[in-house]
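Asker: Structure file query-v8.cif (mmCIF, C-alpha atoms; chains and numbers go by the auth columns) is given on the next line.
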data_data
#
loop_
_atom_site.group_PDB
_atom_site.id
_atom_site.type_symbol
_atom_site.label_atom_id
_atom_site.label_comp_id
_atom_site.label_asym_id
_atom_site.label_seq_id
_atom_site.Cartn_x
_atom_site.Cartn_y
_atom_site.Cartn_z
_atom_site.B_iso_or_equiv
_atom_site.auth_seq_id
_atom_site.auth_asym_id
ATOM 1 C CA MET A 1 1.222 32.443 12.996 0.00 1 A
ATOM 2 C CA PHE A 2 3.302 32.677 9.794 0.00 2 A
ATOM 3 C CA GLU A 3 2.936 32.064 6.092 0.00 3 A
ATOM 4 C CA LEU A 4 5.263 30.418 3.614 0.00 4 A
ATOM 5 C CA LYS A 5 6.864 32.705 1.022 0.00 5 A
ATOM 6 C CA TYR A 6 6.572 30.171 -1.827 0.00 6 A
ATOM 7 C CA HIS A 7 3.244 28.529 -2.589 0.00 7 A
ATOM 8 C CA THR A 8 3.400 25.140 -4.263 0.00 8 A
ATOM 9 C CA PRO A 9 1.339 25.016 -7.456 0.00 9 A
ATOM 10 C CA VAL A 10 -1.381 22.359 -7.599 0.00 10 A
ATOM 11 C CA GLU A 11 0.570 20.781 -10.494 0.00 11 A
ATOM 12 C CA TRP A 12 2.942 19.367 -7.855 0.00 12 A
ATOM 13 C CA ALA A 13 0.043 17.322 -6.410 0.00 13 A
ATOM 14 C CA HIS A 14 -0.800 15.940 -9.845 0.00 14 A
ATOM 15 C CA VAL A 15 2.815 14.815 -10.258 0.00 15 A
ATOM 16 C CA ALA A 16 2.660 13.164 -6.824 0.00 16 A
ATOM 17 C CA LEU A 17 -0.583 11.368 -7.698 0.00 17 A
ATOM 18 C CA GLU A 18 0.833 10.047 -10.962 0.00 18 A
ATOM 19 C CA ASP A 19 3.053 7.811 -8.813 0.00 19 A
ATOM 20 C CA PHE A 20 1.014 7.738 -5.634 0.00 20 A
ATOM 21 C CA ASP A 21 2.640 4.519 -4.412 0.00 21 A
ATOM 22 C CA SER A 22 6.055 6.215 -4.393 0.00 22 A
ATOM 23 C CA PHE A 23 4.521 9.255 -2.729 0.00 23 A
ATOM 24 C CA LEU A 24 3.123 7.021 0.010 0.00 24 A
ATOM 25 C CA GLN A 25 6.538 5.428 0.544 0.00 25 A
ATOM 26 C CA ASP A 26 8.089 8.879 0.871 0.00 26 A
ATOM 27 C CA HIS A 27 5.284 10.019 3.173 0.00 27 A
ATOM 28 C CA ALA A 28 5.862 7.019 5.450 0.00 28 A
ATOM 29 C CA ALA A 29 9.583 7.807 5.567 0.00 29 A
ATOM 30 C CA ALA A 30 8.817 11.456 6.387 0.00 30 A
ATOM 31 C CA GLU A 31 6.596 10.471 9.319 0.00 31 A
ATOM 32 C CA LYS A 32 9.287 8.129 10.670 0.00 32 A
ATOM 33 C CA LYS A 33 11.890 10.875 10.385 0.00 33 A
ATOM 34 C CA ALA A 34 9.582 13.423 12.034 0.00 34 A
ATOM 35 C CA SER A 35 9.084 11.116 15.008 0.00 35 A
ATOM 36 C CA SER A 36 12.827 10.554 15.223 0.00 36 A
ATOM 37 C CA MET A 37 13.520 14.295 15.000 0.00 37 A
ATOM 38 C CA ALA A 38 11.211 14.937 17.947 0.00 38 A
ATOM 39 C CA MET A 39 13.011 12.306 20.011 0.00 39 A
ATOM 40 C CA THR A 40 16.375 13.784 19.057 0.00 40 A
ATOM 41 C CA MET A 41 15.214 17.269 20.063 0.00 41 A
ATOM 42 C CA LEU A 42 14.114 16.154 23.514 0.00 42 A
ATOM 43 C CA SER A 43 17.367 14.221 23.951 0.00 43 A
ATOM 44 C CA HIS A 44 19.523 17.219 23.069 0.00 44 A
ATOM 45 C CA TYR A 45 17.555 19.722 25.140 0.00 45 A
ATOM 46 C CA GLN A 46 16.536 17.745 28.223 0.00 46 A
ATOM 47 C CA ASP A 47 16.754 20.885 30.362 0.00 47 A
ATOM 48 C CA ARG A 48 13.854 22.489 28.447 0.00 48 A
ATOM 49 C CA THR A 49 10.852 21.025 30.269 0.00 49 A
ATOM 50 C CA LYS A 50 8.147 22.379 27.950 0.00 50 A
ATOM 51 C CA LEU A 51 10.076 21.214 24.912 0.00 51 A
ATOM 52 C CA VAL A 52 10.543 17.703 26.343 0.00 52 A
ATOM 53 C CA LYS A 53 6.805 17.306 26.922 0.00 53 A
ATOM 54 C CA ALA A 54 5.890 18.759 23.530 0.00 54 A
ATOM 55 C CA MET A 55 8.424 16.607 21.673 0.00 55 A
ATOM 56 C CA THR A 56 7.274 13.463 23.495 0.00 56 A
ATOM 57 C CA ASP A 57 3.718 14.139 22.373 0.00 57 A
ATOM 58 C CA LEU A 58 4.871 15.003 18.864 0.00 58 A
ATOM 59 C CA ALA A 59 6.993 11.863 18.514 0.00 59 A
ATOM 60 C CA LEU A 60 3.993 9.723 19.439 0.00 60 A
ATOM 61 C CA GLU A 61 1.669 11.596 17.077 0.00 61 A
ATOM 62 C CA GLU A 62 4.107 11.311 14.170 0.00 62 A
ATOM 63 C CA LEU A 63 4.485 7.584 14.855 0.00 63 A
ATOM 64 C CA ILE A 64 0.691 7.241 14.755 0.00 64 A
ATOM 65 C CA HIS A 65 0.741 9.044 11.397 0.00 65 A
ATOM 66 C CA PHE A 66 3.390 6.583 10.210 0.00 66 A
ATOM 67 C CA LYS A 67 1.128 3.700 11.241 0.00 67 A
ATOM 68 C CA GLN A 68 -1.818 5.281 9.400 0.00 68 A
ATOM 69 C CA VAL A 69 0.235 5.718 6.210 0.00 69 A
ATOM 70 C CA LEU A 70 1.447 2.142 6.542 0.00 70 A
ATOM 71 C CA LYS A 71 -2.176 0.995 6.787 0.00 71 A
ATOM 72 C CA LEU A 72 -3.026 2.930 3.618 0.00 72 A
ATOM 73 C CA MET A 73 0.012 1.409 1.869 0.00 73 A
ATOM 74 C CA THR A 74 -0.942 -2.116 2.975 0.00 74 A
ATOM 75 C CA ARG A 75 -4.448 -1.619 1.613 0.00 75 A
ATOM 76 C CA ARG A 76 -2.896 -0.682 -1.745 0.00 76 A
ATOM 77 C CA GLY A 77 -0.292 -3.468 -1.675 0.00 77 A
ATOM 78 C CA VAL A 78 2.628 -1.038 -1.314 0.00 78 A
ATOM 79 C CA ILE A 79 5.634 -1.991 0.805 0.00 79 A
ATOM 80 C CA LEU A 80 8.002 0.298 2.664 0.00 80 A
ATOM 81 C CA ALA A 81 10.961 1.571 0.678 0.00 81 A
ATOM 82 C CA ASN A 82 14.469 2.410 1.798 0.00 82 A
ATOM 83 C CA ASP A 83 14.707 5.912 3.203 0.00 83 A
ATOM 84 C CA GLU A 84 16.292 8.218 0.669 0.00 84 A
ATOM 85 C CA LYS A 85 18.094 11.488 1.192 0.00 85 A
ATOM 86 C CA ASP A 86 15.669 14.359 0.830 0.00 86 A
ATOM 87 C CA PRO A 87 17.253 17.229 -1.149 0.00 87 A
ATOM 88 C CA TYR A 88 14.910 19.769 0.455 0.00 88 A
ATOM 89 C CA ILE A 89 15.764 18.659 3.995 0.00 89 A
ATOM 90 C CA ASN A 90 19.471 18.506 3.191 0.00 90 A
ATOM 91 C CA GLU A 91 19.408 22.097 1.944 0.00 91 A
ATOM 92 C CA ILE A 92 17.276 23.568 4.713 0.00 92 A
ATOM 93 C CA ARG A 93 19.406 21.931 7.412 0.00 93 A
ATOM 94 C CA LYS A 94 22.331 24.002 6.140 0.00 94 A
ATOM 95 C CA LEU A 95 20.626 26.966 7.828 0.00 95 A
ATOM 96 C CA PHE A 96 21.529 25.666 11.282 0.00 96 A
ATOM 97 C CA ARG A 97 23.990 27.955 12.993 0.00 97 A
ATOM 98 C CA HIS A 98 26.618 26.537 15.310 0.00 98 A
ATOM 99 C CA THR A 99 26.360 27.944 18.825 0.00 99 A
ATOM 100 C CA ARG A 100 24.146 25.877 21.122 0.00 100 A
ATOM 101 C CA GLU A 101 21.470 28.557 21.537 0.00 101 A
ATOM 102 C CA GLU A 102 21.419 29.630 17.880 0.00 102 A
ATOM 103 C CA LYS A 103 21.199 26.028 16.741 0.00 103 A
ATOM 104 C CA PHE A 104 18.395 25.385 19.221 0.00 104 A
ATOM 105 C CA LEU A 105 16.399 28.308 17.830 0.00 105 A
ATOM 106 C CA ASP A 106 17.152 27.318 14.233 0.00 106 A
ATOM 107 C CA ARG A 107 16.144 23.704 14.793 0.00 107 A
ATOM 108 C CA MET A 108 12.765 24.763 16.160 0.00 108 A
ATOM 109 C CA LEU A 109 12.081 27.318 13.438 0.00 109 A
ATOM 110 C CA VAL A 110 13.254 25.079 10.607 0.00 110 A
ATOM 111 C CA ALA A 111 11.065 22.281 12.007 0.00 111 A
ATOM 112 C CA GLY A 112 8.118 24.679 12.037 0.00 112 A
ATOM 113 C CA VAL A 113 8.740 25.674 8.416 0.00 113 A
ATOM 114 C CA ILE A 114 9.048 22.017 7.366 0.00 114 A
ATOM 115 C CA GLU A 115 5.731 21.303 9.102 0.00 115 A
ATOM 116 C CA ALA A 116 4.198 24.303 7.331 0.00 116 A
ATOM 117 C CA ARG A 117 5.371 22.912 3.985 0.00 117 A
ATOM 118 C CA GLY A 118 3.904 19.533 4.925 0.00 118 A
ATOM 119 C CA HIS A 119 0.609 21.220 5.815 0.00 119 A
ATOM 120 C CA GLU A 120 0.500 22.964 2.458 0.00 120 A
ATOM 121 C CA ARG A 121 1.376 19.894 0.413 0.00 121 A
ATOM 122 C CA PHE A 122 -0.845 17.434 2.246 0.00 122 A
ATOM 123 C CA ALA A 123 -3.715 19.896 1.739 0.00 123 A
ATOM 124 C CA LEU A 124 -2.924 19.919 -1.997 0.00 124 A
ATOM 125 C CA ILE A 125 -2.972 16.118 -2.074 0.00 125 A
ATOM 126 C CA ALA A 126 -6.346 16.145 -0.296 0.00 126 A
ATOM 127 C CA GLU A 127 -7.599 18.699 -2.818 0.00 127 A
ATOM 128 C CA VAL A 128 -6.838 16.526 -5.855 0.00 128 A
ATOM 129 C CA LEU A 129 -7.746 13.095 -4.450 0.00 129 A
ATOM 130 C CA PRO A 130 -11.216 11.781 -5.251 0.00 130 A
ATOM 131 C CA GLU A 131 -13.764 11.656 -2.428 0.00 131 A
ATOM 132 C CA GLY A 132 -13.136 8.838 -0.005 0.00 132 A
ATOM 133 C CA LYS A 133 -10.996 7.648 2.900 0.00 133 A
ATOM 134 C CA ASP A 134 -7.690 8.719 1.363 0.00 134 A
ATOM 135 C CA LYS A 135 -8.924 12.263 0.780 0.00 135 A
ATOM 136 C CA GLN A 136 -10.192 12.498 4.370 0.00 136 A
ATOM 137 C CA PHE A 137 -6.903 11.094 5.680 0.00 137 A
ATOM 138 C CA TYR A 138 -4.868 13.738 3.867 0.00 138 A
ATOM 139 C CA ASP A 139 -7.199 16.494 4.962 0.00 139 A
ATOM 140 C CA ASP A 140 -6.747 15.354 8.571 0.00 140 A
ATOM 141 C CA ILE A 141 -2.961 15.064 8.208 0.00 141 A
ATOM 142 C CA ALA A 142 -2.812 18.592 6.755 0.00 142 A
ATOM 143 C CA LYS A 143 -4.659 19.984 9.771 0.00 143 A
ATOM 144 C CA SER A 144 -2.297 18.164 12.111 0.00 144 A
ATOM 145 C CA GLU A 145 0.764 19.572 10.336 0.00 145 A
ATOM 146 C CA GLU A 146 -0.645 23.078 10.696 0.00 146 A
ATOM 147 C CA LYS A 147 -0.794 22.629 14.466 0.00 147 A
ATOM 148 C CA HIS A 148 2.794 21.358 14.436 0.00 148 A
ATOM 149 C CA LYS A 149 4.059 24.400 12.534 0.00 149 A
ATOM 150 C CA ASN A 150 2.602 26.654 15.205 0.00 150 A
ATOM 151 C CA LEU A 151 3.886 24.443 18.030 0.00 151 A
ATOM 152 C CA PHE A 152 7.506 25.013 17.040 0.00 152 A
ATOM 153 C CA VAL A 153 7.139 28.789 16.882 0.00 153 A
ATOM 154 C CA GLU A 154 5.312 28.811 20.226 0.00 154 A
ATOM 155 C CA LEU A 155 8.163 26.804 21.738 0.00 155 A
ATOM 156 C CA ALA A 156 10.732 29.175 20.281 0.00 156 A
ATOM 157 C CA LEU A 157 8.861 32.072 21.895 0.00 157 A
ATOM 158 C CA GLU A 158 9.113 30.286 25.258 0.00 158 A
ATOM 159 C CA TYR A 159 12.896 30.391 25.097 0.00 159 A
ATOM 160 C CA PHE A 160 13.784 33.460 22.994 0.00 160 A
ATOM 161 C CA PRO A 161 12.571 37.072 22.681 0.00 161 A
ATOM 162 C CA GLU A 162 9.839 37.636 20.115 0.00 162 A
ATOM 163 C CA ASP A 163 11.892 40.006 17.950 0.00 163 A
ATOM 164 C CA ILE A 164 14.721 37.477 17.641 0.00 164 A
ATOM 165 C CA VAL A 165 12.319 34.615 16.848 0.00 165 A
ATOM 166 C CA TYR A 166 10.455 36.484 14.119 0.00 166 A
ATOM 167 C CA ALA A 167 13.573 38.025 12.565 0.00 167 A
ATOM 168 C CA ARG A 168 15.198 34.601 12.262 0.00 168 A
ATOM 169 C CA LEU A 169 11.951 33.016 11.068 0.00 169 A
ATOM 170 C CA GLU A 170 11.753 35.597 8.270 0.00 170 A
ATOM 171 C CA GLU A 171 15.318 34.747 7.156 0.00 171 A
ATOM 172 C CA ILE A 172 14.512 31.031 7.179 0.00 172 A
ATOM 173 C CA LEU A 173 11.271 31.542 5.247 0.00 173 A
ATOM 174 C CA ILE A 174 13.046 33.501 2.514 0.00 174 A
ATOM 175 C CA THR A 175 15.736 30.852 2.120 0.00 175 A
ATOM 176 C CA GLU A 176 13.194 28.006 2.289 0.00 176 A
ATOM 177 C CA ALA A 177 11.182 29.607 -0.525 0.00 177 A
ATOM 178 C CA ALA A 178 14.284 29.719 -2.721 0.00 178 A
ATOM 179 C CA ILE A 179 15.097 26.080 -1.916 0.00 179 A
ATOM 180 C CA CYS A 180 11.563 24.862 -2.524 0.00 180 A
ATOM 181 C CA SER A 181 10.999 26.788 -5.745 0.00 181 A
ATOM 182 C CA ALA A 182 14.253 25.452 -7.233 0.00 182 A
ATOM 183 C CA LEU A 183 13.439 21.773 -6.704 0.00 183 A
ATOM 184 C CA PRO A 184 11.734 19.743 -9.432 0.00 184 A
ATOM 185 C CA PHE A 185 8.305 18.321 -8.772 0.00 185 A
ATOM 186 C CA ARG A 186 8.397 14.629 -7.857 0.00 186 A
ATOM 187 C CA ALA A 187 6.281 11.991 -6.152 0.00 187 A
ATOM 188 C CA ALA A 188 7.590 12.993 -2.739 0.00 188 A
ATOM 189 C CA LEU A 189 6.525 15.376 -0.003 0.00 189 A
ATOM 190 C CA HIS A 190 9.436 17.742 -0.669 0.00 190 A
#
As a first step, turn the structure in this file into structure tokens.
Answerer:
Amino acid sequence: MFELKYHTPVEWAHVALEDFDSFLQDHAAAEKKASSMAMTMLSHYQDRTKLVKAMTDLALEELIHFKQVLKLMTRRGVILANDEKDPYINEIRKLFRHTREEKFLDRMLVAGVIEARGHERFALIAEVLPEGKDKQFYDDIAKSEEKHKNLFVELALEYFPEDIVYARLEEILITEAAICSALPFRAALH
């Protein structure tokens, strides 16, 4: 449905694998936050029936992903870490405009772009992991994130005209590319 403007080099995945335990802790935190974001969306926009159903399903799926990451961490002897502020998320959230309808559109499109970035980066992790359960897990997670990216754009198109959705998405993608390309590589999803 759309493509990111900045493509993460595979070197990012090597940095993440150098401290895979920290990456897993960050991944777990990201899944928790994604589930929470879906619940927040349905709470703020209860009048949007399709959104409420989609966000309920998404919240459950993200919580299942959290449980799967936790299982992987337990197998490796890694414990949960305190959630840390994510510089990428902090920057991209600055794109939210302030009227109710504009913010609603922005929240959906930004969520879709974040899911697209997750899809890209989880696929890179899967690419560099050796064959086995972890590689398969990250391949599966990447595919799931790709569906999520499209879900948010499809929802936006339910509530806003196509030209407005795609014009705003283009603006967000350009800004997101600048944000992402400026951040240092670290053992974290973003």
Asker: Excluding segment 69-81 of chain A and its own-chain neighbours fewer than 5 positions away, which residues fall within 12 Å of it when counting all atoms listed in the file? Please give them as a PyMOL selection string.
Answerer: chain A and resi 19-32+62-64+133-138+141
Asker: Kindly indicate which residue among A:Leu151, A:Ala167, A:Ile174, A:Ala182 lies nearest to Lys50 of chain A, using only C-alpha atoms for the distances.
Answerer: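 Selected residue with least distance to Lys50 of chain A: A:Leu151.
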Asker: Name all residues at most 12 Å from segment 94-105 of chain A (count all atoms listed in the file; drop same-chain ones fewer than 5 positions away) and give them as a ChimeraX atom specification.
Answerer: /A:40-42,44-46,48,51,87-89,110-113,152-162,164-169,171-176,179
Asker: Name the residues in contact with Val15 of chain A at a cut-off of 10 Å, using only C-alpha atoms, excluding same-chain residues fewer than 5 positions from it; report them as a list in words.
Answerer: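 Those residues are Val10, Phe20, Phe23, Phe185, Arg186, Ala187 and Ala188 of chain A.
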Asker: Next, dump the selected residues to file, keeping only C-alpha atoms, as a PDB file, in the frame of the given file.
Answerer:
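Produced file selection30.pdb, reproduced below:
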ATOM      1  CA  VAL A  10      -1.381  22.359  -7.599  1.00  0.00           C
ATOM      2  CA  PHE A  20       1.014   7.738  -5.634  1.00  0.00           C
ATOM      3  CA  PHE A  23       4.521   9.255  -2.729  1.00  0.00           C
ATOM      4  CA  PHE A 185       8.305  18.321  -8.772  1.00  0.00           C
ATOM      5  CA  ARG A 186       8.397  14.629  -7.857  1.00  0.00           C
ATOM      6  CA  ALA A 187       6.281  11.991  -6.152  1.00  0.00           C
ATOM      7  CA  ALA A 188       7.590  12.993  -2.739  1.00  0.00           C
TER       8      ALA A 188
END
Asker: Given only C-alpha atoms as the basis, pick out the residue of A:Ala34, A:Ala116, A:Leu4, A:Leu189 nearest to Glu145 of chain A.
Answerer: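 Of A:Ala34, A:Ala116, A:Leu4, A:Leu189, the one nearest Glu145 of chain A is A:Ala116, counting only C-alpha atoms.
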Asker: Calculated over all atoms listed in the file, which of the candidates A:Met39, A:Thr56, A:His190, A:Phe66 has the smallest distance to Gly118 of chain A?
Answerer: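 Among the listed residues, the smallest separation from Gly118 of chain A belongs to A:His190.
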Asker: Would you mind listing what lies within 12 Å of Glu11 of chain A as a list in words, with only C-alpha atoms counted and same-chain residues fewer than 2 positions away left out?
Answerer: His7, Thr8, Pro9, Ala13, His14, Val15, Ala16, Leu17, Glu18, Arg121, Leu124, Ile125, Glu127, Val128, Pro184, Phe185, Arg186 and Ala187 of chain A
Asker: Return the single residue from A:Met37, A:Glu170, A:His65, A:Cys180 that is closest to Ala142 of chain A, with distances computed using all atoms listed in the file.
Answerer: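 Of the candidates, the smallest distance to Ala142 of chain A is held by A:His65.
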Asker: Work out how far atom CA of Glu61 of chain A is from atom CA of Met108 of chain A, in Å to one decimal.
Answerer: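 These two atoms are separated by 17.2 Å.
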Asker: Mind pulling up the distance from atom CA of Asp47 of chain A to atom CA of Ser144 of chain A?
Answerer: 26.5 Å
